[in-house]
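One file, start24.txt, is given below (compact mmCIF, C-alpha atoms).
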# COMPACT_ATOMS: atom_id res chain seq x y z
CA MET A 1 -25.62 6.79 -7.16
CA ILE A 2 -23.07 5.88 -4.50
CA THR A 3 -21.03 8.77 -3.16
CA GLY A 4 -17.52 8.60 -1.78
CA PRO A 5 -18.38 9.57 1.82
CA THR A 6 -21.25 7.05 1.91
CA TRP A 7 -19.15 4.18 0.56
CA SER A 8 -16.27 5.05 2.86
CA GLN A 9 -18.44 5.29 5.96
CA LYS A 10 -20.13 1.91 5.54
CA LEU A 11 -16.74 0.23 5.19
CA ARG A 12 -15.32 2.15 8.14
CA ASP A 13 -18.30 1.19 10.31
CA GLU A 14 -17.92 -2.50 9.48
CA ILE A 15 -14.13 -2.57 9.94
CA GLY A 16 -14.53 -0.57 13.15
CA GLN A 17 -16.30 -3.54 14.74
CA ALA A 18 -12.98 -5.38 14.74
CA VAL A 19 -10.37 -2.60 14.65
CA ILE A 20 -10.48 0.40 16.96
CA GLY A 21 -8.75 3.55 15.75
CA GLN A 22 -6.33 3.72 12.78
CA ASP A 23 -8.80 5.96 10.90
CA ALA A 24 -6.13 7.57 8.72
CA VAL A 25 -4.64 4.18 7.78
CA ILE A 26 -8.07 2.79 6.86
CA GLU A 27 -8.79 5.80 4.65
CA ARG A 28 -5.47 5.38 2.82
CA MET A 29 -6.24 1.70 2.27
CA LEU A 30 -9.58 2.61 0.71
CA VAL A 31 -7.79 5.15 -1.48
CA ALA A 32 -5.43 2.40 -2.66
CA LEU A 33 -8.38 0.16 -3.54
CA LEU A 34 -9.91 2.88 -5.69
CA ALA A 35 -6.56 3.76 -7.28
CA ASN A 36 -5.78 0.10 -8.07
CA GLY A 37 -2.62 0.19 -5.96
CA HIS A 38 -0.85 -2.03 -3.46
CA VAL A 39 -0.09 -1.09 0.14
CA LEU A 40 2.85 -1.77 2.46
CA LEU A 41 2.07 -1.46 6.17
CA GLU A 42 4.94 -1.07 8.62
CA GLY A 43 4.51 -1.15 12.36
CA MET A 44 5.47 -2.81 15.61
CA PRO A 45 4.06 -6.24 16.49
CA GLY A 46 0.58 -6.29 17.99
CA LEU A 47 -0.81 -3.22 16.23
CA ALA A 48 -3.50 -5.22 14.37
CA LYS A 49 -1.96 -4.87 10.91
CA THR A 50 -3.02 -8.38 9.93
CA LEU A 51 -6.45 -8.00 11.52
CA LEU A 52 -6.96 -4.70 9.71
CA ILE A 53 -6.26 -6.18 6.28
CA LYS A 54 -8.32 -9.30 6.97
CA SER A 55 -11.25 -7.17 8.17
CA LEU A 56 -11.01 -5.05 5.04
CA GLY A 57 -11.19 -8.16 2.87
CA THR A 58 -14.29 -9.39 4.71
CA ALA A 59 -16.05 -6.01 4.50
CA LEU A 60 -15.25 -5.78 0.79
CA GLY A 61 -16.81 -9.17 0.13
CA VAL A 62 -13.87 -10.36 -1.99
CA GLN A 63 -11.79 -13.53 -1.96
CA PHE A 64 -9.07 -13.14 0.67
CA GLU A 65 -5.87 -15.16 1.06
CA ARG A 66 -3.09 -14.84 3.62
CA ILE A 67 0.50 -15.85 2.88
CA GLN A 68 2.83 -16.06 5.88
CA PHE A 69 6.25 -15.24 4.48
CA THR A 70 9.17 -17.23 5.91
CA PRO A 71 12.81 -17.70 4.83
CA ASP A 72 12.10 -21.24 3.55
CA LEU A 73 9.17 -20.16 1.34
CA LEU A 74 9.38 -21.11 -2.34
CA PRO A 75 7.92 -19.22 -5.34
CA SER A 76 5.66 -22.21 -6.02
CA ASP A 77 4.18 -21.77 -2.54
CA VAL A 78 2.92 -18.37 -3.68
CA VAL A 79 2.04 -18.62 -7.37
CA GLY A 80 1.45 -22.36 -7.72
CA THR A 81 3.10 -25.19 -9.64
CA MET A 82 2.58 -27.98 -12.15
CA ILE A 83 1.49 -31.30 -10.66
CA PHE A 84 2.02 -34.63 -12.45
CA SER A 85 -1.03 -36.84 -12.74
CA PRO A 86 -0.14 -40.55 -12.94
CA LYS A 87 -3.67 -41.33 -14.09
CA ASP A 88 -3.39 -39.64 -17.47
CA GLY A 89 0.40 -39.04 -17.58
CA GLY A 90 0.00 -35.27 -17.91
CA PHE A 91 0.63 -32.18 -15.84
CA ALA A 92 -2.09 -30.01 -14.29
CA THR A 93 -1.77 -26.47 -13.03
CA HIS A 94 -2.21 -26.06 -9.29
CA LYS A 95 -2.83 -22.39 -8.57
CA GLY A 96 -1.35 -20.88 -5.44
CA PRO A 97 -2.84 -18.44 -2.90
CA ILE A 98 -1.87 -15.47 -5.10
CA PHE A 99 -5.05 -16.18 -7.09
CA ALA A 100 -7.30 -14.08 -4.89
CA ASN A 101 -8.70 -10.56 -4.93
CA LEU A 102 -6.96 -9.40 -1.77
CA VAL A 103 -3.68 -11.05 -0.80
CA LEU A 104 -2.10 -10.43 2.59
CA ALA A 105 1.68 -10.84 2.36
CA ASP A 106 2.42 -11.12 6.07
CA GLU A 107 6.00 -10.22 7.11
CA ILE A 108 6.97 -9.80 3.47
CA ASN A 109 10.60 -8.97 4.27
CA ARG A 110 11.16 -12.50 5.62
CA ALA A 111 10.88 -14.02 2.14
CA PRO A 112 13.99 -14.67 0.00
CA ALA A 113 14.67 -12.89 -3.27
CA LYS A 114 13.11 -15.55 -5.55
CA VAL A 115 9.78 -15.33 -3.74
CA GLN A 116 9.84 -11.55 -3.82
CA SER A 117 10.54 -11.56 -7.56
CA ALA A 118 7.58 -13.89 -8.15
CA LEU A 119 5.37 -11.55 -6.17
CA LEU A 120 6.77 -8.62 -8.14
CA GLU A 121 5.40 -9.96 -11.42
CA ALA A 122 1.99 -10.43 -9.86
CA MET A 123 1.94 -6.90 -8.45
CA GLN A 124 3.07 -5.19 -11.64
CA GLU A 125 1.61 -7.33 -14.42
CA ARG A 126 -1.45 -8.75 -12.61
CA GLN A 127 -0.41 -12.14 -13.91
CA VAL A 128 1.89 -15.01 -12.93
CA THR A 129 3.85 -17.59 -14.89
CA ILE A 130 3.46 -21.28 -14.06
CA GLY A 131 5.18 -23.91 -16.16
CA GLY A 132 5.95 -21.41 -18.90
CA ASN A 133 2.29 -20.31 -19.21
CA SER A 134 0.91 -16.96 -18.10
CA HIS A 135 -2.19 -16.87 -15.94
CA ILE A 136 -4.22 -13.70 -15.42
CA LEU A 137 -5.06 -12.87 -11.81
CA PRO A 138 -8.65 -12.11 -10.80
CA LYS A 139 -10.06 -8.59 -10.79
CA PRO A 140 -9.78 -6.66 -8.61
CA PHE A 141 -6.36 -7.72 -7.35
CA PHE A 142 -4.43 -6.14 -4.49
CA VAL A 143 -1.41 -7.01 -2.41
CA MET A 144 -1.34 -5.61 1.10
CA ALA A 145 1.92 -6.46 2.82
CA THR A 146 3.14 -6.03 6.37
CA GLN A 147 6.63 -5.77 7.77
CA ASN A 148 8.20 -5.28 11.18
CA PRO A 149 10.61 -2.32 11.42
CA VAL A 150 12.63 -3.64 14.39
CA GLU A 151 13.27 -7.36 13.83
CA GLN A 152 15.98 -7.60 11.18
CA GLU A 153 17.33 -11.07 11.97
CA GLY A 154 16.38 -13.55 9.26
CA THR A 155 14.95 -10.87 6.98
CA TYR A 156 15.62 -9.86 3.38
CA PRO A 157 15.22 -6.10 2.78
CA LEU A 158 12.85 -5.38 -0.08
CA PRO A 159 14.65 -4.15 -3.20
CA GLU A 160 13.82 -0.65 -4.43
CA ALA A 161 12.27 -2.12 -7.57
CA GLN A 162 9.66 -3.88 -5.45
CA THR A 163 8.93 -1.16 -2.92
CA ASP A 164 8.35 1.19 -5.84
CA ARG A 165 5.42 -1.02 -6.90
CA PHE A 166 3.53 -0.15 -3.71
CA LEU A 167 1.24 2.83 -4.03
CA PHE A 168 1.59 3.67 -0.33
CA LYS A 169 3.86 2.81 2.55
CA LEU A 170 1.76 3.37 5.66
CA LEU A 171 3.19 3.65 9.17
CA VAL A 172 0.93 2.04 11.76
CA ASP A 173 1.36 3.70 15.15
CA TYR A 174 0.26 2.80 18.66
CA PRO A 175 -3.36 3.54 19.60
CA SER A 176 -4.25 6.33 21.98
CA ALA A 177 -4.90 5.61 25.65
CA ALA A 178 -8.66 5.96 25.12
CA GLU A 179 -8.61 3.59 22.14
CA GLU A 180 -6.52 1.02 24.01
CA SER A 181 -8.88 1.19 26.97
CA LEU A 182 -11.84 0.64 24.65
CA MET A 183 -10.09 -2.43 23.21
CA MET A 184 -9.87 -3.99 26.66
CA GLU A 185 -13.53 -3.27 27.37
CA ARG A 186 -14.74 -4.60 24.04
CA TRP A 187 -12.41 -7.59 23.53
CA GLY A 188 -11.42 -8.43 27.09
CA GLN A 189 -13.65 -11.50 27.07
CA VAL A 190 -11.87 -14.56 25.71
CA THR A 191 -15.00 -15.97 24.08
CA LYS A 192 -15.93 -12.74 22.33
CA SER A 193 -14.66 -12.09 18.81
CA PRO A 194 -15.84 -9.75 16.07
CA VAL A 195 -18.01 -11.16 13.29
CA LEU A 196 -17.96 -9.02 10.15
CA LYS A 197 -20.06 -9.19 7.01
CA ALA A 198 -19.62 -7.94 3.45
CA VAL A 199 -21.03 -4.46 2.85
CA THR A 200 -19.82 -4.03 -0.74
CA SER A 201 -18.34 -6.18 -3.51
CA GLY A 202 -15.46 -6.33 -5.92
CA GLU A 203 -17.80 -5.59 -8.80
CA GLU A 204 -19.02 -2.43 -7.09
CA LEU A 205 -15.44 -1.35 -6.46
CA LEU A 206 -14.59 -1.70 -10.15
CA GLU A 207 -17.65 0.39 -11.06
CA LEU A 208 -16.73 3.13 -8.58
CA ARG A 209 -13.38 3.66 -10.27
CA SER A 210 -15.20 5.26 -13.21
CA GLN A 211 -16.42 7.95 -10.79
CA VAL A 212 -12.88 8.47 -9.52
CA ASP A 213 -11.73 8.99 -13.10
CA GLN A 214 -14.15 11.91 -13.39
CA ILE A 215 -12.42 13.91 -10.63
CA HIS A 216 -11.00 17.08 -12.19
CA VAL A 217 -7.29 17.78 -11.91
CA ALA A 218 -6.39 21.34 -12.91
CA PRO A 219 -3.19 21.91 -14.91
CA ALA A 220 -1.79 23.89 -11.97
CA VAL A 221 -2.30 20.94 -9.61
CA GLN A 222 -0.77 18.53 -12.11
CA ALA A 223 2.22 20.85 -12.39
CA TYR A 224 2.41 20.98 -8.58
CA ILE A 225 2.56 17.16 -8.39
CA LEU A 226 5.31 17.13 -10.98
CA ALA A 227 7.25 19.84 -9.13
CA LEU A 228 7.09 17.91 -5.85
CA VAL A 229 8.42 14.71 -7.36
CA ARG A 230 11.14 16.42 -9.35
CA SER A 231 12.13 18.44 -6.30
CA SER A 232 12.99 15.19 -4.51
CA ARG A 233 15.32 14.34 -7.42
CA ASP A 234 16.82 17.83 -7.38
CA LEU A 235 17.56 17.47 -3.67
CA ALA A 236 19.60 14.34 -4.38
CA ALA A 237 21.27 15.74 -7.50
CA GLN A 238 22.27 19.05 -5.88
CA ALA A 239 23.79 17.28 -2.91
CA GLU A 240 25.81 15.04 -5.20
CA GLY A 241 26.86 17.74 -7.64
CA THR A 242 27.93 20.46 -5.21
CA GLY A 243 30.13 18.28 -3.04
CA ASN A 244 28.07 19.21 -0.01
CA ALA A 245 29.14 17.10 2.98
CA ARG A 246 25.58 17.09 4.29
CA ARG A 247 23.94 14.89 1.70
CA LEU A 248 20.39 13.86 2.52
CA LEU A 249 19.17 11.72 -0.40
CA ASN A 250 20.92 9.16 -2.54
CA PHE A 251 18.10 9.22 -5.08
CA GLY A 252 14.75 10.88 -5.61
CA ALA A 253 11.33 9.50 -6.47
CA SER A 254 10.60 7.70 -9.74
CA PRO A 255 7.87 8.64 -12.24
CA ARG A 256 5.63 6.14 -10.47
CA ALA A 257 5.49 8.69 -7.64
CA SER A 258 3.88 11.23 -9.96
CA LEU A 259 1.29 8.68 -11.05
CA ALA A 260 0.70 7.66 -7.43
CA LEU A 261 0.01 11.24 -6.32
CA PHE A 262 -2.23 11.85 -9.33
CA GLN A 263 -4.30 8.65 -9.05
CA ALA A 264 -4.44 8.47 -5.26
CA GLY A 265 -5.20 12.19 -5.02
CA ARG A 266 -8.27 11.80 -7.19
CA ALA A 267 -9.39 8.77 -5.17
CA LEU A 268 -9.01 10.73 -1.91
CA ALA A 269 -10.95 13.66 -3.36
CA TRP A 270 -13.79 11.31 -4.34
CA LEU A 271 -13.84 9.72 -0.88
CA ARG A 272 -14.08 13.20 0.68
CA GLY A 273 -16.98 14.16 -1.60
CA ALA A 274 -15.01 16.69 -3.68
CA ASP A 275 -15.19 16.90 -7.47
CA TYR A 276 -11.65 18.22 -7.96
CA LEU A 277 -8.15 17.57 -6.62
CA SER A 278 -6.73 20.34 -4.45
CA PRO A 279 -3.08 20.96 -3.47
CA ALA A 280 -4.04 20.32 0.17
CA LEU A 281 -5.11 16.76 -0.66
CA VAL A 282 -1.87 16.19 -2.56
CA GLN A 283 0.06 17.30 0.51
CA GLU A 284 -1.94 14.89 2.70
CA ILE A 285 -0.85 11.81 0.76
CA PHE A 286 2.61 13.08 -0.17
CA HIS A 287 4.52 11.28 2.58
CA ASP A 288 2.60 8.02 2.18
CA ALA A 289 3.28 7.95 -1.56
CA LEU A 290 6.97 8.93 -1.44
CA ARG A 291 8.54 7.71 1.81
CA HIS A 292 9.44 4.37 0.20
CA ARG A 293 10.56 5.87 -3.12
CA VAL A 294 13.50 7.98 -1.91
CA GLY A 295 16.76 6.80 -0.35
CA LEU A 296 18.30 8.40 2.71
CA THR A 297 22.07 8.76 2.84
CA TYR A 298 24.18 7.46 5.68
CA GLU A 299 24.85 11.07 6.71
CA ALA A 300 21.12 11.78 7.04
CA GLU A 301 20.55 8.66 9.09
CA ALA A 302 23.54 9.53 11.32
CA GLU A 303 21.93 12.91 12.02
CA GLY A 304 18.75 11.16 13.10
CA LEU A 305 16.75 12.42 10.12
CA SER A 306 13.84 10.32 8.94
CA THR A 307 12.55 10.09 5.41
CA ASP A 308 9.45 12.04 6.42
CA LYS A 309 11.57 14.92 7.73
CA VAL A 310 13.45 15.15 4.44
CA LEU A 311 10.15 15.05 2.55
CA ASP A 312 8.98 17.93 4.74
CA GLN A 313 11.80 19.97 3.21
CA VAL A 314 10.56 19.07 -0.26
CA LEU A 315 7.10 20.35 0.63
CA ILE A 316 8.49 23.58 2.07
CA ARG A 317 10.68 24.39 -0.91
CA THR A 318 7.99 23.67 -3.55
CA PRO A 319 5.63 26.62 -4.21
CA VAL A 320 1.92 25.88 -3.85
CA PRO A 321 -0.25 27.06 -6.75
CA ALA A 322 -2.37 30.04 -5.79
CA LYS A 323 -5.28 29.19 -8.11
CA VAL A 324 -6.59 25.81 -9.18

Encoding of this model in structure tokens:
Amino acid sequence: MITGPTWSQKLRDEIGQAVIGQDAVIERMLVALLANGHVLLEGMPGLAKTLLIKSLGTALGVQFERIQFTPDLLPSDVVGTMIFSPKDGGFATHKGPIFANLVLADEINRAPAKVQSALLEAMQERQVTIGGNSHILPKPFFVMATQNPVEQEGTYPLPEAQTDRFLFKLLVDYPSAAEESLMMERWGQVTKSPVLKAVTSGEELLELRSQVDQIHVAPAVQAYILALVRSSRDLAAQAEGTGNARRLLNFGASPRASLALFQAGRALAWLRGADYLSPALVQEIFHDALRHRVGLTYEAEAEGLSTDKVLDQVLIRTPVPAKV
């Protein structure tokens, strides 16, 4: 029987041949795979976001497709289209790159609204519509998207309805000095490039989800998850209702946030080798699951507050259950 730590380590070891560091980000990506969720990675250029996702696809042994999002992209470039065949006078379905197990949506915020809406159906329904017919996407199916937080020219901000479909929004930071030095030593040669192999499969991933479903979640922990999410809504509602000039949130997290914490929490517990979900694990993934589901006010941004700092207040004001 495969255990969480064993499965996690073999994937980490394989990905580590191409990507140095980013251990926390890799773990969250594995959690998303087990929880059947999509991931949005945000970070400065050159932080190996694309390489990380591509390496994950290779190590998983699944079909991988990359879509480079640009302002002139069309929905048919993503989902596919109907092609006329002069030979028989009929139309045939030409499937787009979305028909893969792991889809990299590179620079997703550069795509116009029509393309984003087409991707939205795929992410939520696991199907796409071509020529009026619905086509089921392969299993497993994940979208891992990247975006640049500094370049806003020629971009289309993702609507809240789409960002809410992502299980996690992960912030990719710069590597440490030691990690960056190791990169130069390992990949300083122009002719040297990492060659990865598959260490698991999509079928194995689908089977492992049944083990994740067996992770126990005590009623107290479930109530704690609910309290955290509803506390984010209370923070927005209180600010609006009391006329407080120092408003921090325009809106709180949706019910998808509760499901994200519940499902991802169990997946993280399984990866760590635990058989139950603890409040500490919920707190670990809290920011990743909610930072894209709440809206900062202009006043909060003017004060230099980030979404994570406001979420820290939610954690502080929500009592932690004493017994689970």

For Ile67 (chain A): contacts at 9 Å, all atoms listed in the file, fewer than 4 positions along chain excluded, given as an MDAnalysis selection string: chainID A and resid 77:78 97:98 103:108

Residue nearest Ala223 (chain A) among A:Ser193, A:Gly188, A:Gly273, A:Ser278 (counting all atoms listed in the file): A:Ser278

Selection: 7 Å around Leu47 (chain A), only C-alpha atoms, excl. self and same-chain fewer than 3 positions, as an MDAnalysis selection string: chainID A and resid 43:44 174

Residues from the last selection, C-alpha atoms, saved as a compact mmCIF listing (two decimals), in the coordinates of the input:
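Final file, again29.txt:
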# COMPACT_ATOMS: atom_id res chain seq x y z
CA GLY A 43 4.51 -1.15 12.36
CA MET A 44 5.47 -2.81 15.61
CA TYR A 174 0.26 2.80 18.66

What are the nearest atom pairs, with distances in Å to one decimal, for all residues of region 166-254 of chain A that come at most 12 Å from region 284-289 of chain A, using all atoms listed in the file, set out by chain and rising residue number as CSV?
residue,atom,partner,partner_atom,distance
A:Phe166,CA,A:Ala289,CA,8.4
A:Leu167,CA,A:Ala289,CA,6.0
A:Phe168,CA,A:Ala289,CA,4.8
A:Lys169,CA,A:Asp288,CA,5.4
A:Leu170,CA,A:Asp288,CA,5.9
A:Leu171,CA,A:Asp288,CA,8.3
A:Val172,CA,A:Asp288,CA,11.4
A:Tyr224,CA,A:Phe286,CA,11.5
A:Ile225,CA,A:Phe286,CA,9.2
A:Leu226,CA,A:Phe286,CA,11.9
A:Leu228,CA,A:Phe286,CA,8.7
A:Val229,CA,A:Phe286,CA,9.4
A:Ser232,CA,A:Phe286,CA,11.4
A:Ala253,CA,A:Ala289,CA,9.6
A:Ser254,CA,A:Ala289,CA,11.0

Selected residue of minimal separation from Gln313 (chain A) among A:Val199, A:Leu248, A:Ala32, A:Ala178, counting all atoms listed in the file: A:Leu248

What's around Leu119 (chain A) at 12 Å? Count only C-alpha atoms, leave out sequence neighbours fewer than 5 positions away in its own chain, and write the answer as a PDB file with C-alpha atoms, in the coordinates of the input.
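Listed below is the output, part13.pdb:
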ATOM      1  CA  HIS A  38      -0.850  -2.030  -3.460  1.00  0.00           C
ATOM      2  CA  ILE A  67       0.500 -15.850   2.880  1.00  0.00           C
ATOM      3  CA  PHE A  69       6.250 -15.240   4.480  1.00  0.00           C
ATOM      4  CA  LEU A  74       9.380 -21.110  -2.340  1.00  0.00           C
ATOM      5  CA  PRO A  75       7.920 -19.220  -5.340  1.00  0.00           C
ATOM      6  CA  SER A  76       5.660 -22.210  -6.020  1.00  0.00           C
ATOM      7  CA  ASP A  77       4.180 -21.770  -2.540  1.00  0.00           C
ATOM      8  CA  VAL A  78       2.920 -18.370  -3.680  1.00  0.00           C
ATOM      9  CA  VAL A  79       2.040 -18.620  -7.370  1.00  0.00           C
ATOM     10  CA  GLY A  80       1.450 -22.360  -7.720  1.00  0.00           C
ATOM     11  CA  GLY A  96      -1.350 -20.880  -5.440  1.00  0.00           C
ATOM     12  CA  PRO A  97      -2.840 -18.440  -2.900  1.00  0.00           C
ATOM     13  CA  ILE A  98      -1.870 -15.470  -5.100  1.00  0.00           C
ATOM     14  CA  PHE A  99      -5.050 -16.180  -7.090  1.00  0.00           C
ATOM     15  CA  VAL A 103      -3.680 -11.050  -0.800  1.00  0.00           C
ATOM     16  CA  LEU A 104      -2.100 -10.430   2.590  1.00  0.00           C
ATOM     17  CA  ALA A 105       1.680 -10.840   2.360  1.00  0.00           C
ATOM     18  CA  ILE A 108       6.970  -9.800   3.470  1.00  0.00           C
ATOM     19  CA  ASN A 109      10.600  -8.970   4.270  1.00  0.00           C
ATOM     20  CA  ALA A 111      10.880 -14.020   2.140  1.00  0.00           C
ATOM     21  CA  PRO A 112      13.990 -14.670   0.000  1.00  0.00           C
ATOM     22  CA  ALA A 113      14.670 -12.890  -3.270  1.00  0.00           C
ATOM     23  CA  LYS A 114      13.110 -15.550  -5.550  1.00  0.00           C
ATOM     24  CA  GLN A 124       3.070  -5.190 -11.640  1.00  0.00           C
ATOM     25  CA  GLU A 125       1.610  -7.330 -14.420  1.00  0.00           C
ATOM     26  CA  ARG A 126      -1.450  -8.750 -12.610  1.00  0.00           C
ATOM     27  CA  GLN A 127      -0.410 -12.140 -13.910  1.00  0.00           C
ATOM     28  CA  VAL A 128       1.890 -15.010 -12.930  1.00  0.00           C
ATOM     29  CA  THR A 129       3.850 -17.590 -14.890  1.00  0.00           C
ATOM     30  CA  LEU A 137      -5.060 -12.870 -11.810  1.00  0.00           C
ATOM     31  CA  PHE A 142      -4.430  -6.140  -4.490  1.00  0.00           C
ATOM     32  CA  VAL A 143      -1.410  -7.010  -2.410  1.00  0.00           C
ATOM     33  CA  MET A 144      -1.340  -5.610   1.100  1.00  0.00           C
ATOM     34  CA  ALA A 145       1.920  -6.460   2.820  1.00  0.00           C
ATOM     35  CA  LEU A 158      12.850  -5.380  -0.080  1.00  0.00           C
ATOM     36  CA  ALA A 161      12.270  -2.120  -7.570  1.00  0.00           C
ATOM     37  CA  GLN A 162       9.660  -3.880  -5.450  1.00  0.00           C
ATOM     38  CA  THR A 163       8.930  -1.160  -2.920  1.00  0.00           C
ATOM     39  CA  ARG A 165       5.420  -1.020  -6.900  1.00  0.00           C
ATOM     40  CA  PHE A 166       3.530  -0.150  -3.710  1.00  0.00           C
TER      41      PHE A 166
END

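The nearest approach to Met183 (chain A) among the residues A:Gly37, A:Gly304, A:Pro71, A:Gly21, with only C-alpha atoms taken into account, belongs to A:Gly21.
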
What box, with edges along x, y and z, holds each listed atom of region 128-147 of chain A when 4 Å is added on every side, and can you state its centre and edge lengths in Å to one decimal, as AutoDock Vina command-line options?
--center_x -1.7 --center_y -14.8 --center_z -5.7 --size_x 24.7 --size_y 26.3 --size_z 35.0

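Across A:Leu296, A:Ala198, A:Ala236, A:Ile2, the tightest approach to Gly252 (chain A) is made by A:Ala236 when counting only C-alpha atoms.
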
Block slice region 12-33 of chain A, N, CA and C atoms, emitted as a short mmCIF file (atom, residue, chain, number, x, y, z; two decimals), in the first residue's frame:
data_model
loop_
_atom_site.label_atom_id
_atom_site.label_comp_id
_atom_site.auth_asym_id
_atom_site.auth_seq_id
_atom_site.Cartn_x
_atom_site.Cartn_y
_atom_site.Cartn_z
N ARG A 12 8.86 14.42 -5.35
CA ARG A 12 9.77 15.52 -5.01
C ARG A 12 11.18 15.27 -5.52
N ASP A 13 11.65 14.03 -5.37
CA ASP A 13 13.00 13.69 -5.81
C ASP A 13 13.15 13.85 -7.31
N GLU A 14 12.12 13.44 -8.06
CA GLU A 14 12.19 13.53 -9.51
C GLU A 14 12.11 14.99 -9.96
N ILE A 15 11.17 15.75 -9.40
CA ILE A 15 11.04 17.16 -9.77
C ILE A 15 12.28 17.94 -9.34
N GLY A 16 12.89 17.54 -8.23
CA GLY A 16 14.08 18.22 -7.72
C GLY A 16 15.28 18.13 -8.65
N GLN A 17 15.24 17.21 -9.62
CA GLN A 17 16.34 17.15 -10.59
C GLN A 17 16.30 18.33 -11.55
N ALA A 18 15.13 18.95 -11.67
CA ALA A 18 15.00 20.09 -12.59
C ALA A 18 14.76 21.40 -11.86
N VAL A 19 14.13 21.33 -10.69
CA VAL A 19 13.77 22.54 -9.94
C VAL A 19 14.41 22.45 -8.56
N ILE A 20 15.16 23.47 -8.23
CA ILE A 20 15.83 23.52 -6.92
C ILE A 20 15.02 24.43 -6.00
N GLY A 21 14.70 23.94 -4.82
CA GLY A 21 13.92 24.72 -3.86
C GLY A 21 12.43 24.62 -4.14
N GLN A 22 11.68 25.62 -3.66
CA GLN A 22 10.22 25.69 -3.84
C GLN A 22 9.52 24.46 -3.24
N ASP A 23 10.04 23.97 -2.10
CA ASP A 23 9.47 22.76 -1.50
C ASP A 23 8.02 22.95 -1.09
N ALA A 24 7.70 24.10 -0.49
CA ALA A 24 6.33 24.33 -0.04
C ALA A 24 5.37 24.41 -1.22
N VAL A 25 5.81 25.05 -2.31
CA VAL A 25 4.96 25.16 -3.50
C VAL A 25 4.71 23.79 -4.10
N ILE A 26 5.73 22.96 -4.17
CA ILE A 26 5.58 21.61 -4.73
C ILE A 26 4.60 20.80 -3.89
N GLU A 27 4.71 20.90 -2.58
CA GLU A 27 3.79 20.16 -1.71
C GLU A 27 2.35 20.59 -1.94
N ARG A 28 2.12 21.90 -2.07
CA ARG A 28 0.76 22.40 -2.30
C ARG A 28 0.23 21.92 -3.66
N MET A 29 1.10 21.81 -4.65
CA MET A 29 0.67 21.32 -5.95
C MET A 29 0.26 19.85 -5.87
N LEU A 30 0.98 19.07 -5.08
CA LEU A 30 0.61 17.67 -4.89
C LEU A 30 -0.70 17.57 -4.13
N VAL A 31 -0.91 18.46 -3.18
CA VAL A 31 -2.19 18.49 -2.46
C VAL A 31 -3.33 18.76 -3.43
N ALA A 32 -3.12 19.70 -4.35
CA ALA A 32 -4.16 20.03 -5.33
C ALA A 32 -4.47 18.84 -6.23
N LEU A 33 -3.45 18.08 -6.61
CA LEU A 33 -3.68 16.90 -7.43
C LEU A 33 -4.57 15.90 -6.71
#
